[in-house]
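To be precise, the following lines are input_20.txt, and they hold compact mmCIF, C-alpha atoms.
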```txt
# COMPACT_ATOMS: atom_id res chain seq x y z
CA MET A 1 94.27 70.24 127.07
CA GLN A 2 92.58 67.71 124.79
CA TYR A 3 91.84 69.54 121.54
CA ARG A 4 88.88 68.32 119.48
CA LEU A 5 88.61 70.77 116.55
CA VAL A 6 91.28 72.29 114.29
CA ALA A 7 90.48 75.16 111.88
CA MET A 8 93.12 76.18 109.36
CA ASP A 9 93.38 79.17 107.06
CA MET A 10 94.73 78.20 103.64
CA ASP A 11 96.81 80.82 101.78
CA GLY A 12 99.90 81.72 103.77
CA THR A 13 99.03 79.14 106.43
CA LEU A 14 98.25 75.59 105.31
CA LEU A 15 99.50 76.05 101.73
CA ASN A 16 103.18 76.55 100.90
CA GLU A 17 104.56 79.02 98.36
CA LYS A 18 103.55 76.63 95.55
CA LEU A 19 99.95 76.73 96.84
CA GLU A 20 100.22 73.07 97.83
CA ILE A 21 99.86 71.05 101.03
CA SER A 22 103.16 69.35 101.87
CA GLU A 23 103.28 65.58 102.31
CA ARG A 24 104.35 65.98 105.94
CA THR A 25 101.36 68.21 106.63
CA LYS A 26 98.97 65.81 104.91
CA GLU A 27 100.30 62.91 106.98
CA THR A 28 100.11 64.93 110.20
CA ILE A 29 96.48 65.91 109.54
CA LYS A 30 95.65 62.27 108.79
CA LYS A 31 97.06 61.26 112.20
CA VAL A 32 95.21 64.11 113.91
CA LYS A 33 91.93 62.84 112.45
CA GLU A 34 92.77 59.30 113.53
CA ASN A 35 92.97 60.72 117.07
CA LYS A 36 89.28 61.66 116.72
CA VAL A 37 90.03 65.37 116.27
CA GLN A 38 87.80 67.16 113.75
CA VAL A 39 89.56 69.23 111.07
CA THR A 40 88.20 71.98 108.84
CA LEU A 41 89.39 74.81 106.60
CA ALA A 42 88.55 78.45 107.35
CA THR A 43 89.35 80.73 104.45
CA GLY A 44 88.39 83.75 102.41
CA ARG A 45 88.31 81.52 99.35
CA MET A 46 85.21 80.40 97.50
CA TYR A 47 83.69 77.04 98.43
CA CYS A 48 84.48 75.63 94.96
CA SER A 49 88.12 76.73 95.37
CA VAL A 50 88.40 75.07 98.79
CA LEU A 51 86.72 71.77 98.00
CA PRO A 52 89.62 70.09 96.13
CA PHE A 53 91.91 70.67 99.13
CA ALA A 54 89.27 69.37 101.54
CA GLN A 55 89.00 66.24 99.41
CA GLN A 56 92.78 65.81 99.42
CA LEU A 57 92.68 65.81 103.21
CA GLY A 58 89.57 63.65 103.47
CA LEU A 59 87.69 66.27 105.48
CA SER A 60 84.09 65.42 106.29
CA ILE A 61 82.70 68.39 108.25
CA PRO A 62 81.46 71.82 107.12
CA LEU A 63 83.99 74.22 105.60
CA ILE A 64 84.21 77.91 106.55
CA THR A 65 84.49 79.88 103.29
CA TYR A 66 84.23 83.52 102.13
CA ASN A 67 85.70 84.65 105.49
CA GLY A 68 82.78 83.07 107.31
CA ALA A 69 79.94 84.26 105.08
CA LEU A 70 79.27 80.71 103.84
CA VAL A 71 79.55 77.49 105.87
CA ARG A 72 78.87 74.48 103.69
CA ASP A 73 79.35 70.74 104.17
CA SER A 74 82.39 69.31 102.42
CA VAL A 75 80.66 66.03 101.53
CA THR A 76 76.97 66.73 100.96
CA GLY A 77 77.25 70.36 99.86
CA GLU A 78 74.52 71.29 102.37
CA THR A 79 74.61 74.95 103.37
CA TYR A 80 74.56 75.48 107.15
CA TYR A 81 75.01 79.24 107.15
CA HIS A 82 74.99 82.00 104.54
CA GLU A 83 75.02 85.74 105.25
CA PRO A 84 75.56 87.82 102.08
CA VAL A 85 76.28 91.53 101.67
CA PRO A 86 72.95 93.43 101.54
CA TRP A 87 72.16 94.33 97.93
CA GLU A 88 71.83 98.08 98.52
CA TYR A 89 75.24 98.23 100.23
CA ALA A 90 76.79 96.18 97.43
CA GLN A 91 75.47 98.67 94.88
CA GLN A 92 76.97 101.60 96.79
CA ILE A 93 80.33 99.83 97.00
CA ILE A 94 80.28 99.18 93.25
CA GLN A 95 79.81 102.90 92.62
CA LEU A 96 82.75 103.81 94.87
CA VAL A 97 84.99 101.24 93.19
CA GLN A 98 83.99 102.22 89.66
CA ALA A 99 84.68 105.91 90.41
CA ARG A 100 88.26 104.95 91.34
CA ASN A 101 88.78 102.57 88.39
CA ILE A 102 89.66 99.71 90.75
CA HIS A 103 89.15 96.06 89.84
CA LEU A 104 86.30 94.36 91.71
CA ASN A 105 85.40 90.70 92.18
CA VAL A 106 81.78 89.88 93.02
CA TYR A 107 80.86 86.42 94.31
CA LEU A 108 77.37 85.11 93.69
CA ASP A 109 76.11 81.51 93.94
CA ASP A 110 79.74 80.36 94.37
CA LYS A 111 80.78 81.88 91.05
CA LEU A 112 83.19 84.76 90.42
CA TYR A 113 81.99 87.72 88.35
CA VAL A 114 84.03 90.68 87.07
CA GLU A 115 83.37 93.54 84.67
CA THR A 116 86.24 92.51 82.37
CA VAL A 117 89.01 89.94 82.51
CA ASN A 118 92.25 91.86 83.04
CA SER A 119 95.62 91.38 84.74
CA ARG A 120 94.06 91.77 88.19
CA ALA A 121 91.44 89.12 87.46
CA ASP A 122 94.12 86.81 86.06
CA PHE A 123 96.28 87.36 89.16
CA TYR A 124 93.42 86.38 91.45
CA ALA A 125 92.51 83.39 89.28
CA SER A 126 96.11 82.12 89.44
CA ILE A 127 95.90 82.04 93.23
CA ALA A 128 92.35 80.79 93.72
CA GLY A 129 92.19 78.44 90.74
CA VAL A 130 88.78 79.72 89.61
CA LYS A 131 87.58 81.17 86.33
CA PRO A 132 86.33 84.78 86.33
CA ASN A 133 83.10 85.43 84.42
CA PRO A 134 83.04 88.84 82.65
CA VAL A 135 79.59 90.49 82.74
CA GLY A 136 80.16 94.17 81.96
CA ASP A 137 78.73 96.75 84.34
CA LEU A 138 78.51 95.01 87.74
CA ALA A 139 75.89 97.46 88.98
CA VAL A 140 73.57 96.37 86.17
CA PHE A 141 74.45 92.69 86.50
CA LEU A 142 74.01 92.39 90.25
CA GLN A 143 70.34 91.75 91.03
CA LYS A 144 70.64 90.01 94.41
CA PRO A 145 72.95 90.10 97.45
CA PRO A 146 76.48 88.80 96.80
CA THR A 147 78.24 86.49 99.26
CA LYS A 148 81.39 88.64 99.17
CA MET A 149 83.11 91.43 97.23
CA LEU A 150 86.85 91.89 96.79
CA ALA A 151 88.77 94.88 95.41
CA ILE A 152 92.25 94.34 93.95
CA ALA A 153 94.67 97.27 93.78
CA GLU A 154 97.83 98.71 95.30
CA GLU A 155 97.79 99.12 99.08
CA LYS A 156 97.49 102.92 98.98
CA GLN A 157 94.47 102.76 96.67
CA LEU A 158 92.84 100.16 98.89
CA ALA A 159 93.42 102.27 102.00
CA GLU A 160 91.68 105.21 100.33
CA LEU A 161 88.82 102.98 99.17
CA ALA A 162 88.40 101.58 102.68
CA LYS A 163 88.14 105.11 104.09
CA ALA A 164 85.49 105.99 101.49
CA ILE A 165 83.46 102.88 102.32
CA ARG A 166 83.71 103.66 106.03
CA ARG A 167 82.51 107.23 105.43
CA LEU A 168 79.54 106.01 103.42
CA LEU A 169 78.53 102.85 105.27
CA GLY A 170 80.21 103.07 108.67
CA ASP A 171 80.24 99.68 110.38
CA LYS A 172 77.47 98.24 108.20
CA ILE A 173 80.13 96.38 106.17
CA GLU A 174 83.05 94.33 107.49
CA LEU A 175 86.32 95.21 105.74
CA THR A 176 89.32 92.92 106.03
CA LYS A 177 92.53 91.94 104.24
CA SER A 178 93.86 88.51 103.37
CA HIS A 179 96.57 89.80 101.00
CA PRO A 180 98.29 93.20 100.67
CA GLN A 181 96.48 93.85 97.37
CA PHE A 182 93.06 92.49 98.42
CA LEU A 183 90.36 94.42 100.27
CA GLU A 184 87.52 92.07 101.16
CA MET A 185 83.97 93.18 101.92
CA ILE A 186 81.47 90.96 103.73
CA SER A 187 78.39 91.41 105.88
CA CYS A 188 79.06 93.03 109.24
CA LYS A 189 77.34 90.01 110.81
CA VAL A 190 80.05 87.54 109.83
CA SER A 191 83.71 86.71 110.43
CA LYS A 192 85.82 83.58 110.56
CA GLY A 193 85.55 83.69 114.34
CA GLN A 194 81.75 83.84 114.29
CA ALA A 195 81.57 80.97 111.79
CA LEU A 196 83.99 78.90 113.86
CA ARG A 197 81.83 79.49 116.94
CA VAL A 198 78.73 78.32 115.03
CA LEU A 199 80.56 75.20 113.83
CA ALA A 200 82.00 74.34 117.26
CA GLU A 201 78.58 74.66 118.86
CA LYS A 202 77.06 72.46 116.14
CA LEU A 203 79.68 69.81 116.91
CA ALA A 204 79.24 70.24 120.70
CA ILE A 205 82.89 71.26 121.08
CA LYS A 206 83.94 73.75 123.75
CA GLN A 207 85.78 76.94 122.83
CA GLU A 208 88.88 75.87 124.77
CA GLU A 209 89.01 72.63 122.75
CA VAL A 210 89.56 74.52 119.46
CA ILE A 211 92.86 75.29 117.69
CA ALA A 212 92.88 77.89 114.90
CA PHE A 213 95.72 78.75 112.51
CA GLY A 214 96.03 81.94 110.45
CA ASP A 215 98.42 84.43 108.90
CA ASN A 216 96.51 87.65 108.26
CA TYR A 217 94.01 90.19 109.55
CA ASN A 218 90.97 88.24 108.39
CA ASP A 219 92.11 85.43 110.71
CA LEU A 220 92.23 87.52 113.89
CA SER A 221 88.63 86.84 114.95
CA MET A 222 89.11 83.08 114.90
CA LEU A 223 92.55 83.25 116.54
CA GLN A 224 90.92 85.23 119.34
CA TYR A 225 87.95 82.82 119.59
CA ALA A 226 89.97 79.59 119.68
CA GLY A 227 91.30 78.09 122.86
CA LEU A 228 94.68 78.05 121.10
CA GLY A 229 95.11 80.74 118.43
CA VAL A 230 98.22 80.17 116.32
CA ALA A 231 99.70 82.81 114.00
CA MET A 232 102.26 81.91 111.36
CA ALA A 233 105.76 83.40 111.40
CA ASN A 234 104.96 85.01 108.04
CA ALA A 235 101.97 86.88 109.55
CA PRO A 236 102.18 90.64 110.16
CA VAL A 237 103.73 91.43 113.55
CA ASP A 238 100.50 92.84 114.99
CA VAL A 239 98.67 89.61 114.05
CA GLN A 240 101.38 87.57 115.76
CA GLU A 241 101.08 89.72 118.87
CA GLN A 242 97.39 88.87 119.23
CA ALA A 243 97.90 85.10 118.95
CA ASP A 244 98.60 82.62 121.74
CA LEU A 245 101.45 81.05 119.80
CA VAL A 246 103.56 81.77 116.72
CA ALA A 247 104.32 78.78 114.50
CA LEU A 248 107.04 78.44 111.91
CA SER A 249 106.10 79.92 108.53
CA ASN A 250 103.93 78.22 105.92
CA ARG A 251 107.12 77.49 103.98
CA GLU A 252 108.48 75.63 107.01
CA GLU A 253 105.34 73.52 107.59
CA GLY A 254 104.40 75.45 110.70
CA VAL A 255 100.91 73.91 110.88
CA ALA A 256 102.35 70.40 110.99
CA GLY A 257 104.83 71.34 113.71
CA ILE A 258 102.15 72.72 116.04
CA LEU A 259 99.76 69.82 115.43
CA GLU A 260 102.51 67.31 116.11
CA LYS A 261 103.38 68.96 119.43
CA TYR A 262 99.99 70.03 120.77
CA VAL A 263 97.69 67.33 119.41
CA LEU A 264 99.73 64.21 118.67
CA GLN A 265 102.22 64.63 121.54
CA GLY A 266 99.90 66.45 123.96
CA GLY A 267 102.40 69.28 124.53
CA GLU A 268 101.73 72.55 126.30
```

Can I see the file as structure tokens?
Amino acid sequence: MQYRLVAMDMDGTLLNEKLEISERTKETIKKVKENKVQVTLATGRMYCSVLPFAQQLGLSIPLITYNGALVRDSVTGETYYHEPVPWEYAQQIIQLVQARNIHLNVYLDDKLYVETVNSRADFYASIAGVKPNPVGDLAVFLQKPPTKMLAIAEEKQLAELAKAIRRLLGDKIELTKSHPQFLEMISCKVSKGQALRVLAEKLAIKQEEVIAFGDNYNDLSMLQYAGLGVAMANAPVDVQEQADLVALSNREEGVAGILEKYVLQGGE
């Protein structure tokens, strides 16, 4: 199979434990692009958090950000697709979160807003490399639909919150996890897989010509969409079981290994 598009998750997939792209991986991606294969990033991160990595890699096609809720060009900044959380649902989620005293991130116009800057906000900022903006009561602050919302807490608390959201909103909101302590909330109309489909169709690339890499539950939709869905060895077992292949871990440059074999060497 001649692959023509590669989509890579970032945290736990492309990035190592230092949140960096290894030199081997950078060189491999450069060679992949020289073979006329398009490369993009597909992540739960904000566009502004993704852009520096896209620039490191010299990427020139739209980036899939916010778990697919925003697809924006890496060079021009043009927005190709944006599907936010409906305002009324966002307000109901804020009430549920506030009642449980759980930290909440709200993303609006590619900026991060929180009620107060605390240890949870600092933890997220250390990973994403973005500055949280404290605004007080989020219910009062939020006047239009947010691109995404993200609760940060212990796994048990998040499980209980997810059940409460499901009881209140059913399948009107997509809930997913990219980290054990993160519960992400996006529109039910979007996913990484849906965004990857939109991008592939825009580029006139067939589904079977796509490779996708991921390490967590928010990656499942694009692993299932891609012609070759690759889970990392550090992914949960049930994510690995739903992939076509399992690569070495992000610490072992698993992305580079698969690209070398299946794109540069034409392996099967």

Note to self: Excluding range 7-18 of chain A and its own-chain neighbours fewer than 3 positions away, which residues fall within 7 Å of it when counting all atoms listed in the file? Please give them as a list of chain:residue names.
What the structure shows: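 Skipping anything fewer than 3 positions along the chain leaves A:Ile21, A:Val39, A:Thr40, A:Leu41, A:Ala42, A:Thr43, A:Ile211, A:Ala212, A:Phe213, A:Gly214, A:Asp215, A:Met232, A:Asn250, A:Arg251, A:Val255.
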
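Straight-line separation from CA of Tyr107 in chain A to CA of Leu150 in chain A: 8.5 Å.
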
Notebook entry, point to check: With all atoms listed in the file as the basis for distance, which of A:Leu220, A:Ile93, A:Ala128, A:Leu228 is at the shortest distance from Gln242 in chain A?
Noted result: A:Leu220

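Near Pro146 in chain A, within a cut-off of 10 Å and counting all atoms listed in the file, sit the residues A:Glu83, A:Pro84, A:Val85, A:Pro86, A:Trp87, A:Ala90, A:Val106, A:Tyr107, A:Leu108, A:Asp109, A:Asp110, A:Lys111, A:Leu142, A:Gln143, A:Met149, A:Ile186, A:Ser187, with same-chain residues fewer than 3 positions away left out.
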
Checklist line | Distance criterion (only C-alpha atoms): nearest to Ile102 in chain A out of A:Gln181, A:Thr176, A:Ser74, A:Thr65 | finding: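 Of all the options, A:Gln181 lies closest to Ile102 in chain A.
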
Next item on the list: Work out how far apart CA of Gly227 in chain A and CA of Ile205 in chain A are and give it in Å to one decimal.
Entry: 11.0 Å

Check: Which residue gives the smallest distance to Asp122 in chain A among A:Ile173, A:Val135, A:Ala231, A:Ile152, with only C-alpha atoms counted?
Finding: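 Between A:Ile173, A:Val135, A:Ala231, A:Ile152, the residue approaching Asp122 in chain A most closely is A:Ile152.
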
Notebook entry, point to check: Leaving out range 24-33 of chain A and any residue of its chain fewer than 2 positions from it, which residues lie within 9 Å of it when counting only C-alpha atoms, given as a ChimeraX atom specification?
Noted result: /A:14,21-22,35-39,56-59,253-257,259-260,263-264

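Coordinates place CA of Val6 in chain A at a distance of 15.7 Å from CA of Asp73 in chain A.
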